[in-house]
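Chemist: Below is the file start_4.csv, which contains CSV, C-alpha atoms.
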```
chain,number,residue,atom,x,y,z
L,1,MET,CA,14.6,-20.3,-5.6
L,2,THR,CA,16.7,-17.4,-6.8
L,3,ALA,CA,16.9,-18.8,-10.3
L,4,MET,CA,13.2,-19.3,-10.5
L,5,LEU,CA,12.6,-15.7,-9.4
L,6,ALA,CA,15.1,-14.4,-12.0
L,7,VAL,CA,13.2,-16.3,-14.7
L,8,MET,CA,9.7,-15.2,-13.6
L,9,ILE,CA,10.4,-11.5,-13.1
L,10,PRO,CA,10.5,-10.7,-16.9
L,11,PHE,CA,7.3,-12.6,-17.4
L,12,MET,CA,5.5,-10.8,-14.7
L,13,ALA,CA,6.7,-7.3,-15.6
L,14,GLY,CA,4.3,-5.2,-17.6
L,15,THR,CA,5.0,-3.1,-20.6
L,16,ALA,CA,5.9,0.5,-20.4
L,17,ASP,CA,2.3,1.5,-21.4
L,18,ALA,CA,1.0,-0.4,-18.4
L,19,GLN,CA,3.1,1.7,-16.0
L,20,ARG,CA,1.3,4.9,-16.7
L,21,TYR,CA,-0.8,6.4,-13.9
L,22,VAL,CA,-3.1,9.3,-13.4
L,23,ARG,CA,-2.8,11.8,-10.6
L,24,THR,CA,-5.7,14.1,-9.7
L,25,VAL,CA,-5.1,17.1,-7.5
L,26,LYS,CA,-7.7,19.6,-6.3
L,27,ARG,CA,-6.6,23.1,-5.4
L,28,ASN,CA,-8.9,26.0,-4.7
L,29,GLY,CA,-11.8,24.2,-6.2
L,30,VAL,CA,-10.0,23.5,-9.5
L,31,THR,CA,-9.1,19.9,-10.4
L,32,TYR,CA,-5.8,19.3,-12.1
L,33,VAL,CA,-5.1,15.9,-13.8
L,34,SER,CA,-1.6,14.9,-14.6
L,35,ARG,CA,-0.8,11.7,-16.6
L,36,THR,CA,2.7,10.4,-16.4
L,37,ASN,CA,4.6,7.3,-17.4
L,38,LYS,CA,6.7,7.3,-14.2
L,39,LYS,CA,6.1,4.1,-12.2
L,40,PRO,CA,5.0,4.8,-8.6
L,41,SER,CA,7.1,3.5,-5.7
L,42,LEU,CA,6.2,0.3,-3.9
L,43,TYR,CA,5.1,2.2,-0.8
L,44,ARG,CA,2.9,4.6,-2.8
L,45,LYS,CA,1.2,1.8,-4.6
L,46,HIS,CA,0.6,-0.5,-1.5
L,47,ARG,CA,0.5,2.1,1.2
L,48,ASN,CA,-2.7,0.8,2.8
L,49,LEU,CA,-1.4,-2.8,3.2
L,50,ILE,CA,2.0,-1.6,4.5
L,51,ASN,CA,0.5,0.7,7.1
L,52,ILE,CA,-1.9,-2.0,8.3
L,53,GLY,CA,1.0,-4.5,8.5
L,54,ILE,CA,3.2,-2.1,10.5
L,55,GLY,CA,0.3,-1.3,12.9
L,56,THR,CA,-0.4,-5.0,13.4
L,57,ALA,CA,3.2,-5.8,14.1
L,58,ALA,CA,3.5,-2.9,16.6
L,59,GLY,CA,0.3,-4.0,18.4
L,60,ALA,CA,1.5,-7.6,18.6
L,61,LEU,CA,4.9,-6.5,19.9
L,62,LEU,CA,3.4,-4.3,22.6
L,63,GLY,CA,0.8,-6.9,23.6
L,64,GLY,CA,3.4,-9.6,23.7
L,65,LEU,CA,5.6,-7.5,26.0
L,66,ILE,CA,2.7,-6.7,28.3
L,67,GLY,CA,0.6,-9.9,28.3
L,68,GLY,CA,2.5,-12.8,26.6
L,69,LYS,CA,1.0,-14.9,23.9
L,70,LYS,CA,-2.6,-13.9,24.5
L,71,GLY,CA,-1.6,-10.3,24.8
L,72,ALA,CA,0.2,-10.5,21.5
L,73,LEU,CA,-3.0,-11.8,19.8
L,74,ILE,CA,-5.1,-9.0,21.4
L,75,GLY,CA,-2.5,-6.4,20.6
L,76,ALA,CA,-2.3,-7.6,17.0
L,77,ALA,CA,-6.1,-7.3,16.6
L,78,GLY,CA,-6.1,-3.8,18.2
L,79,GLY,CA,-3.1,-2.6,16.1
L,80,ALA,CA,-4.8,-3.9,12.9
L,81,GLY,CA,-8.0,-2.2,13.8
L,82,GLY,CA,-6.4,1.1,14.7
L,83,SER,CA,-4.2,1.2,11.7
L,84,ALA,CA,-7.1,0.3,9.4
L,85,LEU,CA,-9.1,3.2,10.9
L,86,TYR,CA,-6.2,5.6,10.3
L,87,THR,CA,-5.4,4.3,6.8
L,88,TYR,CA,-8.9,4.2,5.4
L,89,LYS,CA,-10.8,6.9,7.3
L,90,LEU,CA,-8.5,9.5,8.8
L,91,ASN,CA,-5.9,9.6,6.0
L,92,PRO,CA,-7.2,8.0,2.8
L,93,LYS,CA,-5.1,7.8,-0.4
L,94,LYS,CA,-5.7,10.6,-2.8
L,95,THR,CA,-4.2,9.0,-5.8
L,96,ARG,CA,-5.7,6.2,-7.7
L,97,TYR,CA,-3.5,4.0,-9.9
L,98,TYR,CA,-5.0,2.7,-13.1
L,99,ARG,CA,-3.5,0.3,-15.5
L,100,VAL,CA,-3.7,1.6,-19.0
L,101,ARG,CA,-4.1,-1.1,-21.6
L,102,ARG,CA,-3.3,-0.4,-25.2
L,103,TYR,CA,-4.5,-2.9,-27.7
```
Using structure tokens, write down the structure from this file.
Modeler:
Amino acid sequence: MTAMLAVMIPFMAGTADAQRYVRTVKRNGVTYVSRTNKKPSLYRKHRNLINIGIGTAAGALLGGLIGGKKGALIGAAGGAGGSALYTYKLNPKKTRYYRVRRY
């Protein structure tokens, strides 16, 4: 498994041009756009999925402690819903990551 992973990583990796991202910041009504070649971290790129996963796990853990198997299922659903609400509505991402293709 490790050998296959070591062989596949170079094939899945993008070029340096594909690792460019655009960051837009609004301050006092003025929009600033910065373009950099720095690759964003894994958490920054997949923040929404990671937050929902953590909320689901926490809900399942609490539900399992309180109500057993059925409580874990209900807690997982509640944790996923609450963390999705937080991630998408209360604290949405402000940075969009675009893949820049150069032909």
Chemist: Quick one: distance from CA of Gly55 in chain L to CA of Gly82 in chain L in Å, one decimal?
Modeler: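 Between these atoms lies a distance of 7.3 Å.
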Chemist: What's around range 61-66 of chain L at 10 Å? Count only C-alpha atoms, leave out sequence neighbours fewer than 4 positions away in its own chain, and write the answer as a list in words.
Modeler: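 Contacts, in chain order: Gly55, Thr56, Ala57, Lys70, Gly71, Ala72, Leu73, Ile74, Gly75, Ala76, Ala77, Gly78 and Gly79 of chain L.
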Chemist: Just how far from CA of Gly59 in chain L is CA of Lys93 in chain L, in Å to one decimal?
Modeler: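 Distance reported for this atom pair: 22.8 Å.
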Chemist: Which protein, DNA or RNA residues are at most 7 Å from (-1.2, 13.8, -16.3) in the file's coordinates when you count all atoms listed in the file, listed as an MDAnalysis selection string?
Modeler: chainID L and resid 22:23 33:36
Chemist: Which of these, L:Arg102, L:Ala58, L:Lys39, L:Thr31, has the shortest distance to Ala80 in chain L once you count all atoms listed in the file?
Modeler: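 Nearest to Ala80 in chain L: L:Ala58.
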Chemist: Just checking: using only C-alpha atoms, which residue out of L:Arg96, L:Lys69, L:Asn28, L:Ile50 ends up closest to Ser83 in chain L?
Modeler: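 Distance minimum relative to Ser83 in chain L lands on L:Ile50.
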Chemist: Would you compute the distance between CA of Gly53 in chain L and CA of Ala84 in chain L? Give it in Å to one decimal.
Modeler: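 About the pair CA of Gly53 in chain L and CA of Ala84 in chain L: they are 9.5 Å apart.
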Chemist: Which is closest to Lys26 in chain L among L:Gly67, L:Gly81, L:Thr95, L:Leu90, if we use all atoms listed in the file?
Modeler: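 Checking each of L:Gly67, L:Gly81, L:Thr95, L:Leu90 against Lys26 in chain L, counting all atoms listed in the file, the winner is L:Thr95.
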